[in-house]
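All remarks here apply to the structure that follows.
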Number of protein chains: 2
Amino acid sequence: MGERLEQQVAFLVEIDRLKGVLRQTLITGSERRENSAEHSWQFALAALLLAEHANEPVDALKAARMALVHDLVEIDAGDTFVYDTAARVQQAEREQAAADRIFALLPADQAAELRALWDEFEAGATPEARYAKALDRLLPVLLNYHSRGHAWRAHGVTADRVRAVNSRMAEGSAALWDYASALIDRAVADGYLHERSEG
Amino acid sequence: MGERLEQQVAFLVEIDRLKGVLRQTLITGSERRENSAEHSWQFALAALLLAEHANEPVDALKAARMALVHDLVEIDAGDTFVYDTAARVQQAEREQAAADRIFALLPADQAAELRALWDEFEAGATPEARYAKALDRLLPVLLNYHSRGHAWRAHGVTADRVRAVNSRMAEGSAALWDYASALIDRAVADGYLHERSEG
């Protein structure tokens with residue numbers, strides 16, 4: 001059997017570990033925390049479906065490919081909660097080291113291709129990356145709303161912080177930020193999210 | 001807010017339920033059963049990476065899109081174990097009804113587009129569908145091997161049946177079937193899989 005196929009299979013087996021990386025969001029209708037693999041799947045489908053709402057014309061397939069690879073570094077670096085400011089400082093360094101190891105499992109041409117996609121997503125400097133980052137913020141807002149604000153309440157996150165962190169969604173899609181912003185207001189009205197911390 | 005975005009979001013929330021549909025395979029390094037959403041993610045990445053092994057030239061991105069939607073019908077119809085012959089008889093009817101309901105949540109143009117992808121995958125009559133179906137068979141063989149044959153042993157599935165069911169992989173990729181066939185032999189040698197039923 002070819003060396004390339006051996007490397008590709010080793011990569012596919014290694015990335016199985018992303019199914020064990022837990023996020024703070026719950027899946028809807030369940031007490032189970034979402035993992036980064038199933039999140040990546042939903043993100044990729046969202047990328048295929050919501051491109052018409054991006055601020056700029058985007059290649060939806062490229063954004064979907066970004067979605068599939070965007071969290072692979074978490075196999076080594078873990079998931080960092082978007083509201084955990086302290087952890088996010090060291091996150092970039094840990095994720096770079098993870099990318100160096102994980103993508104290198106593949107044949108060199110494919111390693112370079114996936115690494116370039118991930119770098120582009122991280123840099124957030126192209127229309128596709130801005131669109132993809134908007135979706136990566138939209139989905140947890142959706143799931144948090146539809147699990148009655150579980151992750152927000154569990155971590156004492158207030159509406160002002162949810163708005164501050166997620167308003168960057170507008171850089172990729174003003175329409176999706178309008179939607180999310182209205183949903184955050186509704187979460188406050190429904191009692192799923194506190195407007196500001198009490199006491 | 002636009003009616004289209006409302007429909008698209010309703011679809012994205014509805015498909016969250018695929019994360020609760022359990023397959024027979026275990027994720028590697030764990031006792032947890034795999035769900036169909038995380039399987040679809042791994043399948044989509046495999047589709048992007050293994051196209052060079054398909055029997056015919058294939059559009060890898062189209063196969064990846066098939067992967068993302070191929071199990072959505074399981075939200076209503078459930079997962080059918082590939083070795084459960086009785087259940088597979090009624091599977092097609094249940095899945096058609098599920099497709100009618102789930103894709104119709106989307107705006108009509110996107111519903112038609114995703115439905116066409118799913119129909120093409122199911123029919124297995126194009127190079128991309130044959131390639132995708134080969135991957136959909138390859139992944140559980142890989143994961144079963146790397147979880148020491150758990151699902152095979154739990155259901156008393158023997159090597160002759162594993163070979164019979166999975167040899168159709170060769171219709172999409174002779175190279176991947178060669179690989180899988182060797183892995184099945186190794187599973188027998190390693191004691192993860194019985195050659196035939198005993199007694």
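Numbering starts fresh at 1 for the residues of each chain in the structure tokens, the chains themselves are lettered A, B, ... in the order given, and ligands are numbered from 1 as they appear.
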Using only C-alpha atoms, I'd like a table of the residues in chain A that come within 10 Å of chain B; for each, show the closest atom pair and its distance in Å rounded to one decimal, ordered by chain and ascending number, as a tab-separated table.
residue	atom	partner	partner_atom	distance
A:Met1	CA	B:Tyr179	CA	7.0
A:Gly2	CA	B:Ala175	CA	9.2
A:Arg4	CA	B:Leu50	CA	9.6
A:Leu5	CA	B:Leu50	CA	7.9
A:Glu6	CA	B:Tyr179	CA	9.1
A:Gln8	CA	B:Leu49	CA	7.2
A:Val9	CA	B:Leu142	CA	8.4
A:Phe11	CA	B:Ala46	CA	9.5
A:Leu12	CA	B:Ala46	CA	7.0
A:Val13	CA	B:Leu143	CA	7.5
A:Glu14	CA	B:Thr28	CA	9.0
A:Ile15	CA	B:Gln42	CA	7.9
A:Asp16	CA	B:Thr28	CA	6.6
A:Arg17	CA	B:Thr28	CA	7.3
A:Leu18	CA	B:Glu38	CA	9.0
A:Lys19	CA	B:Glu38	CA	6.7
A:Gly20	CA	B:Ile27	CA	8.4
A:Ile27	CA	B:Asp16	CA	6.8
A:Thr28	CA	B:Asp16	CA	6.6
A:Gly29	CA	B:Arg17	CA	8.0
A:Ser30	CA	B:Gly20	CA	8.4
A:Arg32	CA	B:Gly20	CA	9.3
A:Glu34	CA	B:Lys19	CA	8.4
A:Asn35	CA	B:Glu38	CA	8.4
A:Ser36	CA	B:Glu38	CA	8.5
A:Ala37	CA	B:Glu38	CA	5.2
A:Glu38	CA	B:Glu38	CA	4.3
A:His39	CA	B:Glu38	CA	8.0
A:Ser40	CA	B:Trp41	CA	6.6
A:Trp41	CA	B:Trp41	CA	4.7
A:Gln42	CA	B:Leu12	CA	7.3
A:Phe43	CA	B:Leu12	CA	9.2
A:Ala44	CA	B:Leu68	CA	7.7
A:Leu45	CA	B:Leu68	CA	6.6
A:Ala46	CA	B:Leu12	CA	7.0
A:Leu48	CA	B:Arg65	CA	8.5
A:Leu49	CA	B:Gln8	CA	7.2
A:Leu50	CA	B:Gln8	CA	7.5
A:Glu52	CA	B:Leu5	CA	9.5
A:His53	CA	B:Leu5	CA	8.3
A:Leu61	CA	B:Leu61	CA	7.4
A:Lys62	CA	B:Leu61	CA	9.3
A:Ala64	CA	B:Arg65	CA	9.0
A:Arg65	CA	B:Leu45	CA	8.3
A:Ala67	CA	B:Trp41	CA	9.7
A:Leu68	CA	B:Leu45	CA	6.6
A:Val69	CA	B:Leu45	CA	8.1
A:Leu106	CA	B:Leu49	CA	9.1
A:Pro107	CA	B:Leu49	CA	9.9
A:Gln110	CA	B:Leu49	CA	7.5
A:Leu114	CA	B:Leu49	CA	9.8
A:Leu139	CA	B:Leu12	CA	8.7
A:Leu142	CA	B:Val13	CA	7.5
A:Leu143	CA	B:Val13	CA	7.5
A:His146	CA	B:Val13	CA	8.0
A:Ala175	CA	B:Met1	CA	8.2
A:Leu176	CA	B:Leu5	CA	8.6
A:Asp178	CA	B:Met1	CA	8.2
A:Tyr179	CA	B:Met1	CA	7.1
A:Ala182	CA	B:Met1	CA	9.6
Assign secondary structure with DSSP using the backbone only, and return the residues of segment 46-135 of chain A in alpha helix (DSSP H) as a short mmCIF file (atom, residue, chain, number, x, y, z; two decimals) with all heavy atoms, in the first residue's frame.
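Result file follows (part.cif):
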data_model
loop_
_atom_site.label_atom_id
_atom_site.label_comp_id
_atom_site.auth_asym_id
_atom_site.auth_seq_id
_atom_site.Cartn_x
_atom_site.Cartn_y
_atom_site.Cartn_z
N ALA A 46 -23.60 25.18 7.87
CA ALA A 46 -24.00 26.60 7.95
C ALA A 46 -23.25 27.40 6.89
O ALA A 46 -23.82 28.29 6.24
CB ALA A 46 -23.72 27.15 9.34
N ALA A 47 -21.97 27.08 6.71
CA ALA A 47 -21.17 27.80 5.71
C ALA A 47 -21.74 27.62 4.31
O ALA A 47 -21.76 28.56 3.50
CB ALA A 47 -19.72 27.34 5.76
N LEU A 48 -22.21 26.41 4.01
CA LEU A 48 -22.81 26.16 2.70
C LEU A 48 -24.11 26.93 2.51
O LEU A 48 -24.46 27.32 1.40
CB LEU A 48 -23.10 24.66 2.51
CG LEU A 48 -21.90 23.73 2.42
CD1 LEU A 48 -22.38 22.29 2.19
CD2 LEU A 48 -20.96 24.14 1.28
N LEU A 49 -24.84 27.17 3.60
CA LEU A 49 -26.21 27.68 3.49
C LEU A 49 -26.37 29.18 3.66
O LEU A 49 -27.36 29.75 3.21
CB LEU A 49 -27.10 26.96 4.51
CG LEU A 49 -27.32 25.46 4.24
CD1 LEU A 49 -27.99 24.79 5.43
CD2 LEU A 49 -28.14 25.26 2.97
N ALA A 60 -18.47 29.82 -0.73
CA ALA A 60 -19.06 29.08 0.39
C ALA A 60 -18.33 27.76 0.63
O ALA A 60 -18.18 27.32 1.78
CB ALA A 60 -20.55 28.82 0.11
N LEU A 61 -17.86 27.13 -0.44
CA LEU A 61 -17.16 25.86 -0.28
C LEU A 61 -15.83 26.04 0.45
O LEU A 61 -15.43 25.18 1.24
CB LEU A 61 -16.93 25.21 -1.64
CG LEU A 61 -18.18 24.57 -2.25
CD1 LEU A 61 -17.92 24.20 -3.71
CD2 LEU A 61 -18.59 23.34 -1.46
N LYS A 62 -15.18 27.14 0.18
CA LYS A 62 -13.92 27.41 0.89
C LYS A 62 -14.19 27.64 2.38
O LYS A 62 -13.47 27.13 3.25
CB LYS A 62 -13.22 28.62 0.29
CG LYS A 62 -11.84 28.86 0.86
CD LYS A 62 -11.20 30.06 0.20
CE LYS A 62 -9.76 30.22 0.63
NZ LYS A 62 -9.17 31.45 0.07
N ALA A 63 -15.25 28.37 2.68
CA ALA A 63 -15.61 28.59 4.08
C ALA A 63 -15.98 27.27 4.76
O ALA A 63 -15.64 27.04 5.93
CB ALA A 63 -16.77 29.58 4.17
N ALA A 64 -16.65 26.38 4.02
CA ALA A 64 -17.00 25.07 4.58
C ALA A 64 -15.74 24.26 4.87
O ALA A 64 -15.64 23.56 5.89
CB ALA A 64 -17.93 24.31 3.63
N ARG A 65 -14.76 24.34 3.97
CA ARG A 65 -13.49 23.64 4.21
C ARG A 65 -12.79 24.21 5.44
O ARG A 65 -12.22 23.46 6.25
CB ARG A 65 -12.58 23.71 2.98
CG ARG A 65 -13.09 22.83 1.84
CD ARG A 65 -12.46 23.24 0.50
NE ARG A 65 -11.03 23.03 0.48
CZ ARG A 65 -10.14 23.91 -0.01
NH1 ARG A 65 -10.54 25.08 -0.49
NH2 ARG A 65 -8.87 23.61 -0.01
N MET A 66 -12.84 25.51 5.60
CA MET A 66 -12.28 26.12 6.82
C MET A 66 -12.97 25.56 8.06
O MET A 66 -12.33 25.26 9.06
CB MET A 66 -12.47 27.65 6.80
CG MET A 66 -11.55 28.38 5.88
SD MET A 66 -11.87 30.18 6.00
CE MET A 66 -10.65 30.75 4.81
N ALA A 67 -14.29 25.46 7.98
CA ALA A 67 -15.05 24.94 9.13
C ALA A 67 -14.59 23.54 9.51
O ALA A 67 -14.44 23.21 10.69
CB ALA A 67 -16.55 24.93 8.80
N LEU A 68 -14.34 22.71 8.50
CA LEU A 68 -13.95 21.31 8.78
C LEU A 68 -12.62 21.22 9.51
O LEU A 68 -12.39 20.30 10.28
CB LEU A 68 -13.91 20.51 7.48
CG LEU A 68 -15.27 20.29 6.80
CD1 LEU A 68 -15.08 19.62 5.44
CD2 LEU A 68 -16.21 19.45 7.68
N VAL A 69 -11.71 22.17 9.25
CA VAL A 69 -10.37 22.10 9.85
C VAL A 69 -10.15 23.08 11.00
O VAL A 69 -9.14 22.99 11.70
CB VAL A 69 -9.24 22.34 8.80
CG1 VAL A 69 -9.36 21.35 7.64
CG2 VAL A 69 -9.22 23.77 8.28
N GLU A 74 -7.43 21.91 18.46
CA GLU A 74 -7.92 21.66 19.83
C GLU A 74 -7.60 20.25 20.32
O GLU A 74 -7.69 19.98 21.51
CB GLU A 74 -9.42 21.90 19.90
CG GLU A 74 -9.78 23.35 19.63
CD GLU A 74 -11.27 23.62 19.80
OE1 GLU A 74 -12.03 22.66 20.04
OE2 GLU A 74 -11.66 24.80 19.69
N ILE A 75 -7.25 19.36 19.39
CA ILE A 75 -6.84 18.00 19.81
C ILE A 75 -5.69 18.11 20.81
O ILE A 75 -5.66 17.39 21.81
CB ILE A 75 -6.44 17.17 18.57
CG1 ILE A 75 -7.70 16.81 17.78
CG2 ILE A 75 -5.67 15.92 18.98
CD1 ILE A 75 -7.41 16.20 16.41
N ASP A 76 -4.76 19.02 20.55
CA ASP A 76 -3.67 19.25 21.50
C ASP A 76 -3.93 20.42 22.44
O ASP A 76 -3.55 20.39 23.60
CB ASP A 76 -2.36 19.55 20.75
CG ASP A 76 -1.80 18.33 20.02
OD1 ASP A 76 -2.31 17.21 20.26
OD2 ASP A 76 -0.87 18.50 19.21
N ALA A 77 -4.55 21.47 21.91
CA ALA A 77 -4.62 22.74 22.65
C ALA A 77 -5.89 22.90 23.48
O ALA A 77 -5.98 23.80 24.31
CB ALA A 77 -4.48 23.92 21.69
N THR A 85 -11.03 35.25 29.03
CA THR A 85 -10.01 36.18 28.52
C THR A 85 -8.60 35.72 28.87
O THR A 85 -7.68 35.80 28.05
CB THR A 85 -10.24 37.59 29.09
OG1 THR A 85 -11.64 37.87 29.01
CG2 THR A 85 -9.47 38.64 28.31
N ALA A 86 -8.40 35.22 30.08
CA ALA A 86 -7.07 34.79 30.51
C ALA A 86 -6.56 33.66 29.64
O ALA A 86 -5.43 33.68 29.13
CB ALA A 86 -7.10 34.37 31.98
N ALA A 87 -7.38 32.65 29.43
CA ALA A 87 -6.96 31.48 28.66
C ALA A 87 -6.66 31.85 27.21
O ALA A 87 -5.78 31.27 26.57
CB ALA A 87 -8.03 30.39 28.71
N ARG A 88 -7.36 32.85 26.70
CA ARG A 88 -7.20 33.19 25.29
C ARG A 88 -5.84 33.81 24.99
O ARG A 88 -5.38 33.78 23.86
CB ARG A 88 -8.33 34.12 24.83
CG ARG A 88 -9.67 33.37 24.74
CD ARG A 88 -10.82 34.29 24.36
NE ARG A 88 -10.75 34.73 22.98
CZ ARG A 88 -11.20 34.04 21.94
NH1 ARG A 88 -11.73 32.85 22.12
NH2 ARG A 88 -11.12 34.52 20.73
N VAL A 89 -5.19 34.34 26.02
CA VAL A 89 -3.86 34.95 25.81
C VAL A 89 -2.85 33.90 25.34
O VAL A 89 -2.08 34.13 24.41
CB VAL A 89 -3.39 35.65 27.10
CG1 VAL A 89 -1.94 36.10 26.97
CG2 VAL A 89 -4.29 36.83 27.43
N GLN A 90 -2.84 32.75 26.00
CA GLN A 90 -1.86 31.71 25.65
C GLN A 90 -2.35 30.81 24.52
O GLN A 90 -1.59 29.97 24.03
CB GLN A 90 -1.57 30.85 26.88
CG GLN A 90 -0.92 31.64 28.00
CD GLN A 90 -0.47 30.72 29.11
OE1 GLN A 90 -1.26 29.91 29.60
NE2 GLN A 90 0.79 30.82 29.49
N GLN A 91 -3.61 31.00 24.15
CA GLN A 91 -4.23 30.09 23.19
C GLN A 91 -3.47 30.06 21.85
O GLN A 91 -3.22 28.97 21.30
CB GLN A 91 -5.67 30.55 22.96
CG GLN A 91 -6.48 29.68 22.01
CD GLN A 91 -7.85 30.32 21.73
OE1 GLN A 91 -8.06 31.50 22.02
NE2 GLN A 91 -8.75 29.54 21.17
N ALA A 92 -3.09 31.21 21.36
CA ALA A 92 -2.48 31.29 20.03
C ALA A 92 -1.20 30.45 19.96
O ALA A 92 -1.00 29.70 18.99
CB ALA A 92 -2.19 32.75 19.68
N GLU A 93 -0.38 30.55 20.98
CA GLU A 93 0.87 29.81 20.99
C GLU A 93 0.63 28.29 21.03
O GLU A 93 1.25 27.54 20.26
CB GLU A 93 1.67 30.25 22.23
CG GLU A 93 3.14 29.93 22.17
CD GLU A 93 3.88 30.57 23.35
OE1 GLU A 93 3.52 31.70 23.73
OE2 GLU A 93 4.79 29.92 23.88
N ARG A 94 -0.27 27.88 21.88
CA ARG A 94 -0.57 26.44 21.97
C ARG A 94 -1.14 25.92 20.64
O ARG A 94 -0.85 24.82 20.21
CB ARG A 94 -1.58 26.18 23.10
CG ARG A 94 -0.97 26.26 24.50
CD ARG A 94 -1.99 25.91 25.58
NE ARG A 94 -2.95 26.99 25.79
CZ ARG A 94 -4.26 26.89 25.71
NH1 ARG A 94 -4.83 25.74 25.39
NH2 ARG A 94 -5.04 27.93 25.92
N GLU A 95 -1.96 26.74 20.02
CA GLU A 95 -2.59 26.30 18.78
C GLU A 95 -1.60 26.24 17.61
O GLU A 95 -1.71 25.37 16.75
CB GLU A 95 -3.78 27.21 18.44
CG GLU A 95 -4.93 26.99 19.44
CD GLU A 95 -6.22 27.70 19.02
OE1 GLU A 95 -6.17 28.53 18.09
OE2 GLU A 95 -7.26 27.40 19.64
N GLN A 96 -0.63 27.13 17.59
CA GLN A 96 0.39 27.07 16.55
C GLN A 96 1.19 25.77 16.66
O GLN A 96 1.46 25.10 15.66
CB GLN A 96 1.33 28.28 16.64
CG GLN A 96 0.71 29.60 16.22
CD GLN A 96 0.41 29.69 14.73
OE1 GLN A 96 1.10 29.06 13.92
NE2 GLN A 96 -0.63 30.42 14.37
N ALA A 97 1.56 25.41 17.87
CA ALA A 97 2.31 24.17 18.09
C ALA A 97 1.47 22.96 17.67
O ALA A 97 1.97 22.00 17.06
CB ALA A 97 2.74 24.06 19.55
N ALA A 98 0.18 23.02 17.99
CA ALA A 98 -0.72 21.91 17.63
C ALA A 98 -0.83 21.79 16.11
O ALA A 98 -0.79 20.68 15.56
CB ALA A 98 -2.09 22.15 18.25
N ALA A 99 -0.94 22.91 15.44
CA ALA A 99 -1.05 22.89 13.98
C ALA A 99 0.22 22.30 13.37
O ALA A 99 0.16 21.50 12.42
CB ALA A 99 -1.30 24.31 13.45
N ASP A 100 1.38 22.68 13.92
CA ASP A 100 2.65 22.15 13.43
C ASP A 100 2.65 20.62 13.49
O ASP A 100 3.12 19.96 12.56
CB ASP A 100 3.83 22.68 14.27
CG ASP A 100 4.08 24.16 14.03
OD1 ASP A 100 3.56 24.70 13.03
OD2 ASP A 100 4.78 24.79 14.85
N ARG A 101 2.13 20.07 14.57
CA ARG A 101 2.15 18.61 14.72
C ARG A 101 1.06 17.92 13.88
O ARG A 101 1.34 16.97 13.16
CB ARG A 101 1.94 18.22 16.19
CG ARG A 101 2.05 16.70 16.41
CD ARG A 101 1.71 16.27 17.82
NE ARG A 101 0.28 16.27 18.10
CZ ARG A 101 -0.57 15.31 17.72
NH1 ARG A 101 -0.16 14.28 17.00
NH2 ARG A 101 -1.85 15.39 18.02
N ILE A 102 -0.16 18.40 13.97
CA ILE A 102 -1.29 17.64 13.44
C ILE A 102 -1.33 17.64 11.91
O ILE A 102 -1.49 16.58 11.29
CB ILE A 102 -2.61 18.15 14.04
CG1 ILE A 102 -2.61 17.86 15.56
CG2 ILE A 102 -3.80 17.51 13.36
CD1 ILE A 102 -3.66 18.63 16.34
N ALA A 108 2.92 15.97 2.45
CA ALA A 108 3.31 17.38 2.53
C ALA A 108 2.37 18.32 1.76
O ALA A 108 2.05 19.42 2.25
CB ALA A 108 4.74 17.55 2.02
N ASP A 109 1.91 17.93 0.57
CA ASP A 109 1.04 18.83 -0.20
C ASP A 109 -0.28 19.07 0.52
O ASP A 109 -0.78 20.19 0.58
CB ASP A 109 0.81 18.27 -1.62
CG ASP A 109 0.19 16.88 -1.61
OD1 ASP A 109 0.58 16.04 -0.76
OD2 ASP A 109 -0.70 16.62 -2.43
N GLN A 110 -0.85 18.01 1.08
CA GLN A 110 -2.13 18.17 1.77
C GLN A 110 -1.95 18.88 3.12
O GLN A 110 -2.82 19.64 3.56
CB GLN A 110 -2.80 16.80 1.96
CG GLN A 110 -3.19 16.18 0.62
CD GLN A 110 -4.01 14.92 0.77
OE1 GLN A 110 -3.76 14.10 1.67
NE2 GLN A 110 -4.99 14.74 -0.10
N ALA A 111 -0.83 18.61 3.78
CA ALA A 111 -0.54 19.31 5.03
C ALA A 111 -0.48 20.82 4.77
O ALA A 111 -1.07 21.61 5.51
CB ALA A 111 0.79 18.82 5.61
N ALA A 112 0.20 21.21 3.70
CA ALA A 112 0.33 22.63 3.38
C ALA A 112 -1.03 23.23 3.03
O ALA A 112 -1.34 24.37 3.42
CB ALA A 112 1.31 22.81 2.22
N GLU A 113 -1.85 22.47 2.32
CA GLU A 113 -3.16 22.98 1.90
C GLU A 113 -4.07 23.22 3.10
O GLU A 113 -4.71 24.28 3.22
CB GLU A 113 -3.77 21.94 0.95
CG GLU A 113 -5.05 22.37 0.28
CD GLU A 113 -5.69 21.20 -0.47
OE1 GLU A 113 -4.96 20.29 -0.92
OE2 GLU A 113 -6.93 21.19 -0.57
N LEU A 114 -4.13 22.25 4.00
CA LEU A 114 -5.00 22.41 5.17
C LEU A 114 -4.44 23.45 6.14
O LEU A 114 -5.20 24.21 6.74
CB LEU A 114 -5.20 21.06 5.89
CG LEU A 114 -6.44 20.29 5.48
CD1 LEU A 114 -6.54 20.09 3.99
CD2 LEU A 114 -6.55 18.96 6.21
N ARG A 115 -3.12 23.49 6.27
CA ARG A 115 -2.52 24.49 7.15
C ARG A 115 -2.81 25.90 6.63
O ARG A 115 -3.12 26.82 7.41
CB ARG A 115 -1.01 24.26 7.25
CG ARG A 115 -0.26 25.31 8.05
CD ARG A 115 -0.71 25.29 9.52
NE ARG A 115 -0.08 26.32 10.31
CZ ARG A 115 0.91 26.12 11.18
NH1 ARG A 115 1.40 24.90 11.35
NH2 ARG A 115 1.41 27.08 11.90
N ALA A 116 -2.75 26.07 5.30
CA ALA A 116 -3.04 27.39 4.72
C ALA A 116 -4.48 27.80 4.99
O ALA A 116 -4.76 28.97 5.29
CB ALA A 116 -2.75 27.37 3.22
N LEU A 117 -5.39 26.84 4.90
CA LEU A 117 -6.80 27.13 5.19
C LEU A 117 -6.96 27.57 6.64
O LEU A 117 -7.70 28.52 6.94
CB LEU A 117 -7.64 25.86 5.00
CG LEU A 117 -8.32 25.60 3.68
CD1 LEU A 117 -9.01 24.26 3.75
CD2 LEU A 117 -9.31 26.69 3.33
N TRP A 118 -6.29 26.86 7.55
CA TRP A 118 -6.41 27.18 8.97
C TRP A 118 -5.77 28.53 9.26
O TRP A 118 -6.35 29.36 9.98
CB TRP A 118 -5.77 26.07 9.83
CG TRP A 118 -5.89 26.35 11.29
CD1 TRP A 118 -7.03 26.24 12.05
CD2 TRP A 118 -4.86 26.84 12.17
NE1 TRP A 118 -6.76 26.62 13.34
CE2 TRP A 118 -5.45 27.00 13.44
CE3 TRP A 118 -3.52 27.15 11.99
CZ2 TRP A 118 -4.72 27.44 14.55
CZ3 TRP A 118 -2.79 27.61 13.09
CH2 TRP A 118 -3.39 27.76 14.35
N ASP A 119 -4.60 28.79 8.69
CA ASP A 119 -3.93 30.09 8.87
C ASP A 119 -4.84 31.22 8.38
O ASP A 119 -4.95 32.26 9.02
CB ASP A 119 -2.60 30.13 8.11
CG ASP A 119 -1.51 29.31 8.78
OD1 ASP A 119 -1.62 29.01 9.99
OD2 ASP A 119 -0.51 28.97 8.09
N GLU A 120 -5.46 30.99 7.23
CA GLU A 120 -6.33 32.03 6.66
C GLU A 120 -7.53 32.29 7.58
O GLU A 120 -7.89 33.45 7.82
CB GLU A 120 -6.80 31.60 5.27
CG GLU A 120 -7.67 32.65 4.60
CD GLU A 120 -8.08 32.28 3.17
OE1 GLU A 120 -7.39 31.45 2.52
OE2 GLU A 120 -9.10 32.82 2.70
N PHE A 121 -8.11 31.23 8.10
CA PHE A 121 -9.22 31.38 9.05
C PHE A 121 -8.77 32.16 10.28
O PHE A 121 -9.41 33.13 10.70
CB PHE A 121 -9.74 30.00 9.45
CG PHE A 121 -10.79 30.05 10.54
CD1 PHE A 121 -12.10 30.42 10.26
CD2 PHE A 121 -10.45 29.73 11.86
CE1 PHE A 121 -13.05 30.48 11.26
CE2 PHE A 121 -11.41 29.79 12.86
CZ PHE A 121 -12.71 30.17 12.57
N GLU A 122 -7.64 31.77 10.85
CA GLU A 122 -7.14 32.41 12.07
C GLU A 122 -6.87 33.89 11.85
O GLU A 122 -7.17 34.72 12.71
CB GLU A 122 -5.86 31.72 12.54
CG GLU A 122 -6.09 30.38 13.20
CD GLU A 122 -6.87 30.51 14.50
OE1 GLU A 122 -6.42 31.24 15.40
OE2 GLU A 122 -7.95 29.90 14.60
N ALA A 123 -6.26 34.21 10.70
CA ALA A 123 -5.90 35.61 10.42
C ALA A 123 -7.15 36.47 10.20
O ALA A 123 -7.14 37.66 10.51
CB ALA A 123 -4.98 35.68 9.20
N PRO A 127 -12.47 37.66 2.89
CA PRO A 127 -13.93 37.59 3.03
C PRO A 127 -14.41 36.23 3.57
O PRO A 127 -15.29 36.17 4.44
CB PRO A 127 -14.43 37.81 1.60
CG PRO A 127 -13.36 38.63 0.96
CD PRO A 127 -12.07 38.13 1.55
N GLU A 128 -13.81 35.13 3.09
CA GLU A 128 -14.21 33.80 3.56
C GLU A 128 -13.91 33.63 5.05
O GLU A 128 -14.70 33.04 5.79
CB GLU A 128 -13.51 32.69 2.76
CG GLU A 128 -14.09 32.44 1.39
CD GLU A 128 -13.66 33.48 0.37
OE1 GLU A 128 -12.70 34.24 0.66
OE2 GLU A 128 -14.29 33.55 -0.71
N ALA A 129 -12.74 34.10 5.48
CA ALA A 129 -12.38 33.95 6.89
C ALA A 129 -13.30 34.79 7.78
O ALA A 129 -13.73 34.35 8.84
CB ALA A 129 -10.92 34.33 7.10
N ARG A 130 -13.61 36.00 7.33
CA ARG A 130 -14.51 36.85 8.13
C ARG A 130 -15.91 36.24 8.21
O ARG A 130 -16.54 36.24 9.27
CB ARG A 130 -14.57 38.26 7.53
CG ARG A 130 -13.36 39.12 7.86
CD ARG A 130 -13.56 40.57 7.43
NE ARG A 130 -13.50 40.73 5.99
CZ ARG A 130 -12.38 41.02 5.31
NH1 ARG A 130 -11.25 41.19 5.95
NH2 ARG A 130 -12.41 41.15 4.02
N TYR A 131 -16.36 35.71 7.09
CA TYR A 131 -17.68 35.03 7.06
C TYR A 131 -17.66 33.80 7.97
O TYR A 131 -18.57 33.60 8.80
CB TYR A 131 -17.99 34.64 5.61
CG TYR A 131 -19.13 33.68 5.39
CD1 TYR A 131 -20.42 33.99 5.83
CD2 TYR A 131 -18.92 32.46 4.72
CE1 TYR A 131 -21.47 33.10 5.61
CE2 TYR A 131 -19.97 31.58 4.49
CZ TYR A 131 -21.24 31.91 4.94
OH TYR A 131 -22.27 31.03 4.73
N ALA A 132 -16.61 33.01 7.87
CA ALA A 132 -16.52 31.79 8.68
C ALA A 132 -16.46 32.15 10.17
O ALA A 132 -17.13 31.51 11.00
CB ALA A 132 -15.30 30.97 8.28
N LYS A 133 -15.71 33.16 10.53
CA LYS A 133 -15.63 33.56 11.93
C LYS A 133 -16.98 34.05 12.45
O LYS A 133 -17.33 33.81 13.62
CB LYS A 133 -14.55 34.63 12.13
CG LYS A 133 -13.15 34.02 12.18
CD LYS A 133 -12.07 35.06 12.43
CE LYS A 133 -10.72 34.41 12.67
NZ LYS A 133 -10.58 33.80 13.99
N ALA A 134 -17.74 34.70 11.60
CA ALA A 134 -19.08 35.13 12.00
C ALA A 134 -19.95 33.91 12.32
O ALA A 134 -20.67 33.89 13.32
CB ALA A 134 -19.72 35.98 10.90
N LEU A 135 -19.86 32.87 11.50
CA LEU A 135 -20.65 31.66 11.73
C LEU A 135 -20.20 30.94 13.00
O LEU A 135 -21.02 30.40 13.74
CB LEU A 135 -20.50 30.71 10.54
CG LEU A 135 -21.01 31.22 9.20
CD1 LEU A 135 -20.71 30.20 8.12
CD2 LEU A 135 -22.50 31.53 9.26
#
So how far away is atom CA of Ser173 of chain B from atom CA of Val58 of chain B, in Å?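 Between atom CA of Val58 of chain B and atom CA of Ser173 of chain B the gap is 11.0 Å.
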Atom CA of Leu26 of chain A to atom CA of Gly149 of chain A, straight-line distance in Å: 9.3 Å
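One finds atom CA of Val141 of chain A at 11.2 Å from atom CA of Leu193 of chain A.
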Going by DSSP on the backbone, which residues of segment 18-62 of chain A come out as strand (DSSP E or B)? List them as a PyMOL selection string. chain A and resi 22-26+33-35
Just write the chosen residues, C-alpha atoms, as a PDB file, in the first residue's frame.
ATOM      1  CA  LEU A  22     -15.802  19.313  24.836  1.00  0.00           C
ATOM      2  CA  ARG A  23     -17.135  22.832  24.389  1.00  0.00           C
ATOM      3  CA  GLN A  24     -19.176  24.855  26.884  1.00  0.00           C
ATOM      4  CA  THR A  25     -22.355  24.728  24.800  1.00  0.00           C
ATOM      5  CA  LEU A  26     -24.938  22.017  25.327  1.00  0.00           C
ATOM      6  CA  ARG A  33     -21.924  19.193  26.156  1.00  0.00           C
ATOM      7  CA  GLU A  34     -21.175  19.630  22.495  1.00  0.00           C
ATOM      8  CA  ASN A  35     -17.850  18.360  21.153  1.00  0.00           C
TER       9      ASN A  35
END
